[in-house]
Amino acid sequence: MSSTQHVLLSPAELAYLHASLSLTPPIRPDGRSPSQFRPLVAETGILPGTNGSARICFADGTEAIVGVKAEVERTRLAHDFDHNTFAAGSRLEGDFVEGSYAADAQVDAENVNEEQRVGDDDWVELTVEIPGYRDDDPGTVFLARMLGEALLADGEFARKLWINRRFHWKLFLDVILISPPLSYPLPLLSLTTHLALLSTRLPRLKSEGDEDPFFDDDWAAAPFIYSRNSSNSSSSSSSTTKDGKTSTTSRPPISLLVMAVGNNIIFDPSKEELAVADVALAVSVGEAPSAAAARGKDAMDVDTTTQDGLQRNLQILSVRTIDPPSRLTPPGVPNATNSAYGAAAVVASAQKQPEARAAESEAVEGVWKAPRGGARARVMAALVLEVLGRGGVADEVMDALDGVDLV
Amino acid sequence: MPITILAPKPTRQAHSHNGHNDDDAMSDSGSDSSGAGGDDDLDEMVSAAAAAGLKSQRDSKYEIVTPGEVITDDPQWMRGHGTYVNPATSAIISSVAGTVSRTNKLLSVRPLRARYTPEVGDLVVGRIVEVQAKRWRVDVGATQLASLPLSAINLPGGILRKRTETDELQIRTFFAEGDLLIAEVQQLFQDGGAVLHTRSLKYGKLRNGVFVAVSGMGGGGGVVRSRRQVWTMDAANGGGQIDVVLGVNGFVWISKHVETPEGLVEKAATTGITNLEESVSATMYSSQNDRIEVDTMREIARLRGVVIALVENGLRVDEDMLIRGYHEAVEMAMVSADGLDDLYLGGEKGEQLAAVLTGI
C-alpha cells in the first residue's frame, strides 16, 4: 500500500502526466480542477452496535467504514495524582481511600474546573485495516498514527472523554478500508473518521461527582461528543463537554492529501497523479479553539467566516511528508542515448555493447526523470494559503461535511 | 465547489413493488437479446418466460443471479454462456454472477464483471510486467499474463533482420517493465494464455498520451469488439489530431497523432536509408515524448473523461459512441461557466452526457 505502493507506468506516460500537471492551470487526467475532490457518497449511523459510525465511498470505488466504540475504563489513580492539582492541604499521599475521595467530590461537584479535566492520549485507540496488508505493515501503522496524531493534536479531544476523577471513556476507532487501496487512502479514511466522530454519542451521565458512573438508558438523550453548534455548547446538557467555556473544538480534524508538481498544488490526487508527484504531503487541519486564536499564539491561524457568520478558526495541526512513489520510477531513455532508436539502430548496432539504462542524464524535454528533493518554501506557502485561506479548501470540505445528515 | 458529498442512493428494487420502475437506467441498445427493440416486447417476453416456468416470483426483467443459483428447471430451455447443467438433473444453473438474458430458448448469463478472454487476432493494449531471457510477460487484463517472445517483435533496422544474441542481451532497450505496447494476439494456449506479436508497423511501444483501463466490464459496458479499434480523429478547439486505440481487452490509449518523426527522415537519408518503413520501425522503441501543445493535452484529457463517463454509466465504448460523446462533451464545455477549460465529466455531468447519448 501506502507511499511505497508501486504503480507501474511507462516512462512516456509519466513524462506526459508530469507535463500536463505542470501546466498553469494544470490539466489533470480526469479533468478535475486542482482543488477539486472526487465526488463521494457519505452516510452515517450505518452500524447499530457502535456509538458512532460512518461510510464513505469514492466514485472510483474505494470505500471505507469507521466504527467508534466507547467503554468505561477506570482511570489509573497514580495518573490522577500526577496531573490533578489538589490544594496542598487536601492532597493525600500513598494509599487512597474511596470514602475520602467521595467527600472531596462533594466539595468539587459543582465547580469542576478545567484543570481537573485532564485527558490522556491512551484513551483513544485507532486501528486501520487495509485489505491485503498486515496490520503491522509500516504503511498501515503510519496511516493510523497520522490519523490518531491529528485527532489528539489539540489536546482537547481526550479531555472530552473525562467522566470523573476515577473513570473515563476509552474510545476505540476501527477504520476499515473495504475496497482494495486504489489510491493512497489517507483522505478517504480521514473524512470517514471525521464523520464517524461527528456522529458519535456517549450516554448521558446521571451520577454526580466521583461516584461510580451511572448512565441514562435513553439513547435519544445521549449527547454528541462533538456538539454540533459550538457557539452555544454551554447550553447543552452534555456531561462530557465543557461547561460554559467555548474553548472546545466543535469538530474533529481532517487530514488532506496534497501533492505538488512544479508550482501547482493539487488536492486529492489519484494513483496516477501521485506517481508523478514532486512532493506529497499529508496536511491535518483542525478548528482552533477560539481562546487560542484570541491569544494569537498561532501564526498560522487565518480567520474564516462561514455562511452563517460564525467564525471558523482553522489551523494546520501537522504537515507530514509522504514518500511519493514517483521517486522509485525508472527514468526514461532519451532518444540520443537509446540504442534501439533511430538511425543508430538502423545501422545495425549489433556489435555495440548493450548500454545499461542511462541512470544519470540531463533533463531532456519529454523524458521522464524521477523528482528529487523535498518541498520548496514557495510550495509550502502556497499550500498554507490554499488550505486555510478565506473560502479555502479546508473550509469548503468542512462545509460539505456539515451537510451530511447525522443519524 | 471543490467537493461534492452525495447521500447514498437507495438500492435498486430488483423485485419491483409497484409494477416496473426506472426502465431507462440500464437500457442497453447493444443488448444481444433478440427482443431488444422495445421495452414492451421484452416485458411480454419476460412474462411469457415467467409463465413458462422461470422462477416466477421474479417479475423484474433485470434479475441478477449468483453462481450456483438455479435459473430454471424447465427442460425446454437451452443453456448458453455462463450457465451449466448438473448431469443428474435438467436444471440450468448459473456459473457466474450476472444478469440473465434470453434469446428465444437460449438462456445465458452475462457476468457483471469479467476478465478479458483473449482470442486470436484481437488487438490489445498491454503493459510489460516482467522481462525474461527471450520474452516479455505482458499484462493484458486476462486471467494470465500474455507472453511476447523476442522473435515476435520488429527489431530495429529492418523487418527481416535476424535476431541475434546481442538483441537478447539488450532486451530491455526494446521493452522494459511498465512500458505500454499495442499488439495482436497471435496464438492461444490450451489454458487460455495468449502469445502476442508486434510484427507490424502499426504496433509497438506507446507514447505521447494517456492510458485508461476500462477492463473487467461484463454485460454491455466497456470496450466491445468492433470494426475499427484504432483511429485518428480531429480534436475540437485547435487540439490537432488525436489517436485513439481501444484495446479489445479494455485498455484504452489516447495520444497525440504523430506523423513520421521530424528529423528522422533526413537522418535516415544521410545514412543511406530510403525505406520509410525502416525509419518508422526505428522510432518504434523511443520512450521520449514529442512536444505536445496545451490544446492537444486538454482535448486528450477531455476524451479520457468521455471514456470514463461512458463506462461509469454502463455504456459500451466504441468509435461511434466515443466520437459522439466527445462532440457532446465539447458542446457541454462551451456552455459551461469555465468555458473550454471545463474538462470534468464525472458525477452529474457524466450522467448528463450518457443521457444525451442514449437519448438519440
# chains A, B, ... in the order shown; residues from 1 in each chain; ligands from 1
>>> select_by_dssp(residues="segment 132-289 of chain A", states="alpha helix (DSSP H)", output="PDB file with N, CA, C and O atoms, in the first residue's frame")
ATOM      1  N   PRO A 138       4.218  -1.325   7.788  1.00  0.00           N
ATOM      2  CA  PRO A 138       4.617   0.049   8.116  1.00  0.00           C
ATOM      3  C   PRO A 138       3.657   1.099   7.563  1.00  0.00           C
ATOM      4  O   PRO A 138       3.366   2.093   8.236  1.00  0.00           O
ATOM      5  N   GLY A 139       3.161   0.873   6.375  1.00  0.00           N
ATOM      6  CA  GLY A 139       2.241   1.848   5.780  1.00  0.00           C
ATOM      7  C   GLY A 139       0.965   1.997   6.581  1.00  0.00           C
ATOM      8  O   GLY A 139       0.477   3.103   6.823  1.00  0.00           O
ATOM      9  N   THR A 140       0.432   0.849   7.027  1.00  0.00           N
ATOM     10  CA  THR A 140      -0.804   0.872   7.800  1.00  0.00           C
ATOM     11  C   THR A 140      -0.581   1.547   9.150  1.00  0.00           C
ATOM     12  O   THR A 140      -1.389   2.372   9.589  1.00  0.00           O
ATOM     13  N   VAL A 141       0.517   1.203   9.788  1.00  0.00           N
ATOM     14  CA  VAL A 141       0.811   1.795  11.091  1.00  0.00           C
ATOM     15  C   VAL A 141       1.006   3.302  10.952  1.00  0.00           C
ATOM     16  O   VAL A 141       0.492   4.086  11.757  1.00  0.00           O
ATOM     17  N   PHE A 142       1.680   3.689   9.894  1.00  0.00           N
ATOM     18  CA  PHE A 142       1.923   5.112   9.659  1.00  0.00           C
ATOM     19  C   PHE A 142       0.600   5.860   9.470  1.00  0.00           C
ATOM     20  O   PHE A 142       0.390   6.927  10.039  1.00  0.00           O
ATOM     21  N   LEU A 143      -0.295   5.250   8.703  1.00  0.00           N
ATOM     22  CA  LEU A 143      -1.607   5.861   8.485  1.00  0.00           C
ATOM     23  C   LEU A 143      -2.348   6.027   9.804  1.00  0.00           C
ATOM     24  O   LEU A 143      -2.912   7.084  10.094  1.00  0.00           O
ATOM     25  N   ALA A 144      -2.338   4.955  10.618  1.00  0.00           N
ATOM     26  CA  ALA A 144      -3.068   5.001  11.881  1.00  0.00           C
ATOM     27  C   ALA A 144      -2.478   6.064  12.791  1.00  0.00           C
ATOM     28  O   ALA A 144      -3.205   6.830  13.429  1.00  0.00           O
ATOM     29  N   ARG A 145      -1.172   6.140  12.833  1.00  0.00           N
ATOM     30  CA  ARG A 145      -0.530   7.133  13.692  1.00  0.00           C
ATOM     31  C   ARG A 145      -0.858   8.544  13.210  1.00  0.00           C
ATOM     32  O   ARG A 145      -1.088   9.449  14.007  1.00  0.00           O
ATOM     33  N   MET A 146      -0.869   8.694  11.888  1.00  0.00           N
ATOM     34  CA  MET A 146      -1.104  10.017  11.335  1.00  0.00           C
ATOM     35  C   MET A 146      -2.525  10.487  11.659  1.00  0.00           C
ATOM     36  O   MET A 146      -2.743  11.629  12.053  1.00  0.00           O
ATOM     37  N   LEU A 147      -3.491   9.573  11.534  1.00  0.00           N
ATOM     38  CA  LEU A 147      -4.882   9.932  11.826  1.00  0.00           C
ATOM     39  C   LEU A 147      -5.044  10.197  13.322  1.00  0.00           C
ATOM     40  O   LEU A 147      -5.698  11.162  13.735  1.00  0.00           O
ATOM     41  N   GLY A 148      -4.442   9.325  14.131  1.00  0.00           N
ATOM     42  CA  GLY A 148      -4.584   9.471  15.579  1.00  0.00           C
ATOM     43  C   GLY A 148      -3.892  10.720  16.087  1.00  0.00           C
ATOM     44  O   GLY A 148      -4.422  11.443  16.945  1.00  0.00           O
ATOM     45  N   GLU A 149      -2.756  10.999  15.526  1.00  0.00           N
ATOM     46  CA  GLU A 149      -1.981  12.154  15.957  1.00  0.00           C
ATOM     47  C   GLU A 149      -2.733  13.455  15.717  1.00  0.00           C
ATOM     48  O   GLU A 149      -2.800  14.327  16.589  1.00  0.00           O
ATOM     49  N   ALA A 150      -3.359  13.542  14.546  1.00  0.00           N
ATOM     50  CA  ALA A 150      -4.115  14.753  14.235  1.00  0.00           C
ATOM     51  C   ALA A 150      -5.292  14.908  15.193  1.00  0.00           C
ATOM     52  O   ALA A 150      -5.619  16.012  15.631  1.00  0.00           O
ATOM     53  N   LEU A 151      -5.887  13.777  15.520  1.00  0.00           N
ATOM     54  CA  LEU A 151      -7.056  13.799  16.401  1.00  0.00           C
ATOM     55  C   LEU A 151      -6.702  14.326  17.779  1.00  0.00           C
ATOM     56  O   LEU A 151      -7.458  15.077  18.403  1.00  0.00           O
ATOM     57  N   LEU A 152      -5.530  13.908  18.260  1.00  0.00           N
ATOM     58  CA  LEU A 152      -5.150  14.255  19.620  1.00  0.00           C
ATOM     59  C   LEU A 152      -4.332  15.530  19.682  1.00  0.00           C
ATOM     60  O   LEU A 152      -3.963  15.981  20.768  1.00  0.00           O
ATOM     61  N   LEU A 186      -5.432   7.972   2.547  1.00  0.00           N
ATOM     62  CA  LEU A 186      -5.486   8.899   3.675  1.00  0.00           C
ATOM     63  C   LEU A 186      -6.710   9.819   3.665  1.00  0.00           C
ATOM     64  O   LEU A 186      -7.430   9.879   4.662  1.00  0.00           O
ATOM     65  N   PRO A 187      -7.002  10.544   2.567  1.00  0.00           N
ATOM     66  CA  PRO A 187      -8.157  11.446   2.643  1.00  0.00           C
ATOM     67  C   PRO A 187      -9.463  10.707   2.893  1.00  0.00           C
ATOM     68  O   PRO A 187     -10.303  11.177   3.656  1.00  0.00           O
ATOM     69  N   LEU A 188      -9.599   9.552   2.284  1.00  0.00           N
ATOM     70  CA  LEU A 188     -10.819   8.764   2.468  1.00  0.00           C
ATOM     71  C   LEU A 188     -10.985   8.378   3.931  1.00  0.00           C
ATOM     72  O   LEU A 188     -12.035   8.582   4.543  1.00  0.00           O
ATOM     73  N   LEU A 189      -9.932   7.829   4.508  1.00  0.00           N
ATOM     74  CA  LEU A 189     -10.018   7.367   5.892  1.00  0.00           C
ATOM     75  C   LEU A 189     -10.214   8.536   6.840  1.00  0.00           C
ATOM     76  O   LEU A 189     -10.959   8.445   7.815  1.00  0.00           O
ATOM     77  N   SER A 190      -9.561   9.637   6.540  1.00  0.00           N
ATOM     78  CA  SER A 190      -9.676  10.790   7.423  1.00  0.00           C
ATOM     79  C   SER A 190     -11.087  11.362   7.404  1.00  0.00           C
ATOM     80  O   SER A 190     -11.655  11.668   8.461  1.00  0.00           O
ATOM     81  N   LEU A 191     -11.655  11.490   6.212  1.00  0.00           N
ATOM     82  CA  LEU A 191     -13.008  12.047   6.130  1.00  0.00           C
ATOM     83  C   LEU A 191     -14.012  11.106   6.788  1.00  0.00           C
ATOM     84  O   LEU A 191     -14.958  11.547   7.444  1.00  0.00           O
ATOM     85  N   THR A 192     -13.808   9.805   6.602  1.00  0.00           N
ATOM     86  CA  THR A 192     -14.729   8.846   7.213  1.00  0.00           C
ATOM     87  C   THR A 192     -14.630   8.896   8.735  1.00  0.00           C
ATOM     88  O   THR A 192     -15.643   8.889   9.438  1.00  0.00           O
ATOM     89  N   THR A 193     -13.403   8.972   9.246  1.00  0.00           N
ATOM     90  CA  THR A 193     -13.209   9.079  10.684  1.00  0.00           C
ATOM     91  C   THR A 193     -13.865  10.346  11.215  1.00  0.00           C
ATOM     92  O   THR A 193     -14.509  10.342  12.270  1.00  0.00           O
ATOM     93  N   HIS A 194     -13.701  11.400  10.470  1.00  0.00           N
ATOM     94  CA  HIS A 194     -14.283  12.675  10.858  1.00  0.00           C
ATOM     95  C   HIS A 194     -15.801  12.553  11.009  1.00  0.00           C
ATOM     96  O   HIS A 194     -16.371  12.944  12.030  1.00  0.00           O
ATOM     97  N   LEU A 195     -16.436  11.962  10.004  1.00  0.00           N
ATOM     98  CA  LEU A 195     -17.893  11.822  10.049  1.00  0.00           C
ATOM     99  C   LEU A 195     -18.327  10.897  11.177  1.00  0.00           C
ATOM    100  O   LEU A 195     -19.318  11.159  11.866  1.00  0.00           O
ATOM    101  N   ALA A 196     -17.567   9.817  11.357  1.00  0.00           N
ATOM    102  CA  ALA A 196     -17.932   8.871  12.418  1.00  0.00           C
ATOM    103  C   ALA A 196     -17.861   9.557  13.776  1.00  0.00           C
ATOM    104  O   ALA A 196     -18.733   9.366  14.632  1.00  0.00           O
ATOM    105  N   LEU A 197     -16.840  10.376  13.986  1.00  0.00           N
ATOM    106  CA  LEU A 197     -16.697  11.062  15.270  1.00  0.00           C
ATOM    107  C   LEU A 197     -17.786  12.110  15.447  1.00  0.00           C
ATOM    108  O   LEU A 197     -18.282  12.322  16.549  1.00  0.00           O
ATOM    109  N   LEU A 198     -18.154  12.751  14.345  1.00  0.00           N
ATOM    110  CA  LEU A 198     -19.232  13.737  14.445  1.00  0.00           C
ATOM    111  C   LEU A 198     -20.529  13.073  14.876  1.00  0.00           C
ATOM    112  O   LEU A 198     -21.350  13.676  15.564  1.00  0.00           O
ATOM    113  N   LYS A 271      -4.176   7.834  -8.128  1.00  0.00           N
ATOM    114  CA  LYS A 271      -2.981   6.996  -8.132  1.00  0.00           C
ATOM    115  C   LYS A 271      -1.986   7.439  -9.197  1.00  0.00           C
ATOM    116  O   LYS A 271      -0.793   7.544  -8.938  1.00  0.00           O
ATOM    117  N   GLU A 272      -2.507   7.725 -10.382  1.00  0.00           N
ATOM    118  CA  GLU A 272      -1.612   8.102 -11.474  1.00  0.00           C
ATOM    119  C   GLU A 272      -0.940   9.440 -11.192  1.00  0.00           C
ATOM    120  O   GLU A 272       0.229   9.630 -11.511  1.00  0.00           O
ATOM    121  N   GLU A 273      -1.717  10.357 -10.620  1.00  0.00           N
ATOM    122  CA  GLU A 273      -1.149  11.670 -10.343  1.00  0.00           C
ATOM    123  C   GLU A 273      -0.064  11.583  -9.282  1.00  0.00           C
ATOM    124  O   GLU A 273       0.965  12.234  -9.371  1.00  0.00           O
ATOM    125  N   LEU A 274      -0.338  10.743  -8.271  1.00  0.00           N
ATOM    126  CA  LEU A 274       0.641  10.593  -7.196  1.00  0.00           C
ATOM    127  C   LEU A 274       1.942  10.005  -7.735  1.00  0.00           C
ATOM    128  O   LEU A 274       3.017  10.250  -7.193  1.00  0.00           O
TER     129      LEU A 274
END
>>> select_by_dssp(residues="segment 126-159 of chain B", states="strand (DSSP E or B)", output="ChimeraX atom specification")
/B:126-131,135-139,142,146-149
>>> closest_residue(among="B:Gln76, B:Thr83, B:Ser108, B:Thr358", to="Ser95 of chain B", atoms="only C-alpha atoms")
B:Thr83
>>> interface_residues(of="chain B", to="chain A", cutoff="7 Å", atoms="only C-alpha atoms", output="PyMOL selection string")
chain B and resi 2-8+156-157+166+169-170+173-174+178-180+207-210+264+267-268+279+282-283+285-291+297-298+301-302+305+343-344+347
>>> write_last_selection(atoms="N, CA and C atoms", output="compact mmCIF listing (two decimals), in the first residue's frame")
# COMPACT_ATOMS: atom_id res chain seq x y z
N PRO B 2 -15.10 22.62 -4.44
CA PRO B 2 -14.10 21.57 -4.64
C PRO B 2 -14.59 20.18 -4.26
N ILE B 3 -15.65 20.10 -3.49
CA ILE B 3 -16.04 18.76 -3.05
C ILE B 3 -17.55 18.63 -3.10
N THR B 4 -18.01 17.51 -3.57
CA THR B 4 -19.44 17.23 -3.55
C THR B 4 -19.65 15.96 -2.75
N ILE B 5 -20.53 16.04 -1.79
CA ILE B 5 -20.85 14.87 -0.99
C ILE B 5 -22.31 14.53 -1.23
N LEU B 6 -22.53 13.32 -1.68
CA LEU B 6 -23.88 12.90 -2.02
C LEU B 6 -24.40 11.93 -0.97
N ALA B 7 -25.69 11.89 -0.84
CA ALA B 7 -26.28 10.87 0.01
C ALA B 7 -26.31 9.57 -0.78
N PRO B 8 -26.22 8.45 -0.09
CA PRO B 8 -26.23 7.18 -0.84
C PRO B 8 -27.55 6.98 -1.54
N PRO B 156 14.66 -3.25 -34.59
CA PRO B 156 15.00 -2.03 -35.32
C PRO B 156 16.05 -2.34 -36.39
N GLY B 157 15.95 -1.58 -37.44
CA GLY B 157 16.93 -1.76 -38.50
C GLY B 157 16.48 -2.78 -39.52
N THR B 166 22.97 -10.44 -29.32
CA THR B 166 23.04 -9.08 -28.78
C THR B 166 21.65 -8.55 -28.47
N LEU B 169 20.59 -9.81 -25.25
CA LEU B 169 21.24 -9.14 -24.11
C LEU B 169 20.63 -7.77 -23.85
N GLN B 170 20.27 -7.08 -24.92
CA GLN B 170 19.70 -5.75 -24.70
C GLN B 170 18.19 -5.74 -24.85
N THR B 173 16.16 -2.69 -23.88
CA THR B 173 16.12 -1.46 -24.67
C THR B 173 14.89 -1.44 -25.58
N PHE B 174 14.32 -2.61 -25.82
CA PHE B 174 13.09 -2.62 -26.63
C PHE B 174 11.88 -2.35 -25.74
N GLY B 178 6.83 -1.91 -17.26
CA GLY B 178 5.98 -0.73 -17.21
C GLY B 178 5.63 -0.18 -18.57
N ASP B 179 6.38 -0.53 -19.57
CA ASP B 179 6.11 0.02 -20.90
C ASP B 179 4.77 -0.47 -21.44
N LEU B 180 4.11 0.42 -22.11
CA LEU B 180 2.84 0.07 -22.74
C LEU B 180 3.07 -0.24 -24.20
N ARG B 207 3.52 6.07 -26.72
CA ARG B 207 3.98 7.29 -26.04
C ARG B 207 3.11 8.45 -26.47
N ASN B 208 3.38 9.62 -25.92
CA ASN B 208 2.67 10.87 -26.25
C ASN B 208 1.20 10.87 -25.81
N GLY B 209 0.85 10.10 -24.80
CA GLY B 209 -0.56 10.10 -24.45
C GLY B 209 -0.85 9.55 -23.07
N VAL B 210 -2.13 9.30 -22.84
CA VAL B 210 -2.57 8.78 -21.55
C VAL B 210 -3.26 7.45 -21.72
N LEU B 264 14.00 12.61 -38.51
CA LEU B 264 14.46 11.24 -38.68
C LEU B 264 14.61 10.90 -40.15
N LYS B 267 17.82 12.23 -41.36
CA LYS B 267 18.91 11.47 -40.78
C LYS B 267 19.04 10.12 -41.49
N ALA B 268 17.86 9.54 -41.73
CA ALA B 268 17.86 8.25 -42.40
C ALA B 268 18.42 8.39 -43.81
N SER B 279 12.64 3.43 -41.38
CA SER B 279 12.83 4.54 -40.47
C SER B 279 11.71 4.60 -39.45
N ALA B 282 12.38 2.30 -36.82
CA ALA B 282 13.48 2.75 -35.96
C ALA B 282 12.99 3.59 -34.80
N THR B 283 11.85 4.26 -34.98
CA THR B 283 11.34 5.10 -33.89
C THR B 283 10.46 4.31 -32.94
N TYR B 285 10.89 2.16 -30.63
CA TYR B 285 11.23 1.89 -29.24
C TYR B 285 11.63 3.14 -28.47
N SER B 286 11.22 4.28 -28.95
CA SER B 286 11.53 5.51 -28.23
C SER B 286 10.63 5.63 -27.01
N SER B 287 11.18 6.15 -25.92
CA SER B 287 10.31 6.45 -24.78
C SER B 287 10.36 7.95 -24.47
N GLN B 288 10.71 8.70 -25.49
CA GLN B 288 10.74 10.15 -25.32
C GLN B 288 9.52 10.75 -25.99
N ASN B 289 8.77 11.56 -25.23
CA ASN B 289 7.58 12.17 -25.80
C ASN B 289 7.96 13.30 -26.73
N ASP B 290 7.13 13.49 -27.74
CA ASP B 290 7.30 14.67 -28.59
C ASP B 290 6.73 15.87 -27.85
N ARG B 291 6.96 17.03 -28.43
CA ARG B 291 6.38 18.22 -27.84
C ARG B 291 4.87 18.21 -28.08
N MET B 297 -3.26 18.50 -25.20
CA MET B 297 -3.36 17.86 -23.88
C MET B 297 -4.76 18.01 -23.31
N ARG B 298 -5.32 19.20 -23.49
CA ARG B 298 -6.66 19.46 -22.94
C ARG B 298 -7.68 18.55 -23.61
N ALA B 301 -7.36 14.98 -22.47
CA ALA B 301 -7.97 14.80 -21.16
C ALA B 301 -9.49 14.74 -21.27
N ARG B 302 -10.04 15.54 -22.19
CA ARG B 302 -11.50 15.52 -22.36
C ARG B 302 -11.96 14.17 -22.90
N GLY B 305 -11.95 11.69 -20.27
CA GLY B 305 -13.11 11.87 -19.41
C GLY B 305 -14.36 11.25 -20.02
N LEU B 343 -13.14 20.52 -17.97
CA LEU B 343 -12.90 19.17 -18.50
C LEU B 343 -13.60 18.10 -17.72
N TYR B 344 -14.06 18.45 -16.53
CA TYR B 344 -14.52 17.41 -15.62
C TYR B 344 -15.83 16.80 -16.12
N GLY B 347 -19.46 12.35 -12.13
CA GLY B 347 -20.69 12.62 -11.39
C GLY B 347 -21.86 13.01 -12.28
>>> residues_around(residues="segment 139-142 of chain B", least_positions_apart="4", cutoff="12 Å", atoms="only C-alpha atoms", output="ChimeraX atom specification")
/A:8 /B:114-119,122-131,146-148,177-185,191-196,213-217,247-252
>>> write_last_selection(atoms="C-alpha atoms", output="short mmCIF file (atom, residue, chain, number, x, y, z; two decimals), in the first residue's frame")
data_model
loop_
_atom_site.label_atom_id
_atom_site.label_comp_id
_atom_site.auth_asym_id
_atom_site.auth_seq_id
_atom_site.Cartn_x
_atom_site.Cartn_y
_atom_site.Cartn_z
CA LEU A 8 3.66 0.54 -12.91
CA ALA B 114 -15.41 -10.37 -16.31
CA ARG B 115 -11.80 -10.65 -17.23
CA TYR B 116 -10.74 -10.44 -20.82
CA THR B 117 -10.68 -13.73 -22.70
CA PRO B 118 -8.10 -13.49 -25.48
CA GLU B 119 -8.92 -14.61 -28.97
CA ASP B 122 -7.52 -9.42 -31.10
CA LEU B 123 -5.87 -6.05 -30.96
CA VAL B 124 -4.80 -5.46 -27.39
CA VAL B 125 -3.01 -2.84 -25.38
CA GLY B 126 -0.74 -4.37 -22.78
CA ARG B 127 1.75 -3.43 -20.15
CA ILE B 128 5.06 -5.21 -19.67
CA VAL B 129 5.28 -6.57 -16.16
CA GLU B 130 8.22 -8.92 -16.44
CA VAL B 131 11.26 -9.26 -18.65
CA ALA B 146 0.35 -12.96 -22.04
CA SER B 147 3.80 -13.58 -23.40
CA LEU B 148 5.59 -11.68 -26.11
CA GLU B 177 8.91 -3.12 -17.16
CA GLY B 178 5.98 -0.73 -17.21
CA ASP B 179 6.11 0.02 -20.90
CA LEU B 180 2.84 0.07 -22.74
CA LEU B 181 2.52 -1.53 -26.11
CA ILE B 182 -0.06 -2.31 -28.71
CA ALA B 183 0.00 -5.83 -30.04
CA GLU B 184 -2.06 -8.56 -31.59
CA VAL B 185 -2.90 -11.96 -30.17
CA ASP B 191 -5.06 -22.87 -20.64
CA GLY B 192 -6.15 -19.56 -22.16
CA GLY B 193 -2.77 -17.86 -22.09
CA ALA B 194 -2.04 -15.70 -25.10
CA VAL B 195 1.05 -15.16 -27.21
CA LEU B 196 1.33 -11.70 -28.71
CA ALA B 213 -8.22 0.90 -18.24
CA VAL B 214 -11.89 0.06 -18.57
CA SER B 215 -11.35 -3.65 -18.33
CA GLY B 216 -13.46 -6.00 -16.31
CA MET B 217 -16.75 -4.72 -17.59
CA GLY B 247 -7.74 -2.48 -26.99
CA VAL B 248 -10.22 -5.32 -27.10
CA ASN B 249 -9.08 -6.13 -23.58
CA GLY B 250 -10.47 -2.83 -22.31
CA PHE B 251 -7.18 -0.95 -22.16
CA VAL B 252 -7.51 2.36 -23.93
#
>>> residues_around(residues="Tyr326 of chain B", least_positions_apart="2", cutoff="10 Å", atoms="only C-alpha atoms", output="list in words")
Ala235, Ala236, Glu299, Arg302, Leu303, Arg304, Gly305, Val306, Val307, Asp320, Met321, Leu322, Ile323, Arg324, Glu328, Ala329, Val330, Glu331, Met332 and Leu353 of chain B
>>> write_last_selection(atoms="N, CA, C and O atoms", output="short mmCIF file (atom, residue, chain, number, x, y, z; two decimals), in the first residue's frame")
data_model
loop_
_atom_site.label_atom_id
_atom_site.label_comp_id
_atom_site.auth_asym_id
_atom_site.auth_seq_id
_atom_site.Cartn_x
_atom_site.Cartn_y
_atom_site.Cartn_z
N ALA B 235 -9.45 16.73 -33.23
CA ALA B 235 -9.92 17.28 -31.98
C ALA B 235 -10.48 18.67 -32.20
O ALA B 235 -10.05 19.37 -33.11
N ALA B 236 -11.43 19.05 -31.38
CA ALA B 236 -12.00 20.38 -31.48
C ALA B 236 -11.06 21.38 -30.83
O ALA B 236 -10.09 21.02 -30.16
N GLU B 299 -7.57 18.42 -24.94
CA GLU B 299 -8.56 17.60 -25.64
C GLU B 299 -8.35 16.12 -25.33
O GLU B 299 -9.31 15.35 -25.30
N ARG B 302 -10.04 15.54 -22.19
CA ARG B 302 -11.50 15.52 -22.36
C ARG B 302 -11.96 14.17 -22.90
O ARG B 302 -12.95 13.60 -22.44
N LEU B 303 -11.19 13.67 -23.85
CA LEU B 303 -11.54 12.38 -24.45
C LEU B 303 -11.46 11.26 -23.40
O LEU B 303 -12.30 10.37 -23.35
N ARG B 304 -10.46 11.36 -22.55
CA ARG B 304 -10.32 10.38 -21.48
C ARG B 304 -11.51 10.47 -20.53
O ARG B 304 -12.04 9.45 -20.09
N GLY B 305 -11.95 11.69 -20.27
CA GLY B 305 -13.11 11.87 -19.41
C GLY B 305 -14.36 11.25 -20.02
O GLY B 305 -15.18 10.67 -19.30
N VAL B 306 -14.48 11.35 -21.35
CA VAL B 306 -15.64 10.76 -22.01
C VAL B 306 -15.63 9.25 -21.84
O VAL B 306 -16.65 8.63 -21.54
N VAL B 307 -14.43 8.64 -22.02
CA VAL B 307 -14.33 7.19 -21.87
C VAL B 307 -14.79 6.78 -20.47
O VAL B 307 -15.60 5.85 -20.30
N ASP B 320 -17.97 4.97 -32.63
CA ASP B 320 -19.14 5.82 -32.83
C ASP B 320 -19.53 6.53 -31.53
O ASP B 320 -19.71 7.74 -31.48
N MET B 321 -19.63 5.74 -30.48
CA MET B 321 -20.06 6.27 -29.18
C MET B 321 -19.07 7.32 -28.68
O MET B 321 -19.44 8.37 -28.17
N LEU B 322 -17.79 7.01 -28.83
CA LEU B 322 -16.75 7.89 -28.29
C LEU B 322 -16.72 9.22 -29.05
O LEU B 322 -16.61 10.29 -28.44
N ILE B 323 -16.87 9.15 -30.36
CA ILE B 323 -16.82 10.40 -31.14
C ILE B 323 -18.05 11.24 -30.85
O ILE B 323 -17.96 12.46 -30.64
N ARG B 324 -19.21 10.59 -30.78
CA ARG B 324 -20.42 11.35 -30.44
C ARG B 324 -20.30 11.94 -29.05
O ARG B 324 -20.66 13.10 -28.81
N GLU B 328 -20.30 15.90 -27.92
CA GLU B 328 -21.27 16.34 -26.92
C GLU B 328 -20.55 17.02 -25.75
O GLU B 328 -20.98 18.08 -25.26
N ALA B 329 -19.42 16.43 -25.36
CA ALA B 329 -18.66 16.99 -24.23
C ALA B 329 -18.12 18.37 -24.58
O ALA B 329 -18.11 19.28 -23.74
N VAL B 330 -17.68 18.53 -25.82
CA VAL B 330 -17.18 19.84 -26.25
C VAL B 330 -18.29 20.87 -26.17
O VAL B 330 -18.10 21.99 -25.67
N GLU B 331 -19.48 20.47 -26.60
CA GLU B 331 -20.59 21.42 -26.54
C GLU B 331 -20.99 21.74 -25.12
O GLU B 331 -21.31 22.88 -24.78
N MET B 332 -20.95 20.71 -24.27
CA MET B 332 -21.27 20.95 -22.86
C MET B 332 -20.27 21.92 -22.24
O MET B 332 -20.62 22.77 -21.43
N LEU B 353 -24.22 13.48 -19.85
CA LEU B 353 -23.64 13.09 -21.13
C LEU B 353 -24.22 11.76 -21.59
O LEU B 353 -24.62 11.61 -22.75
#
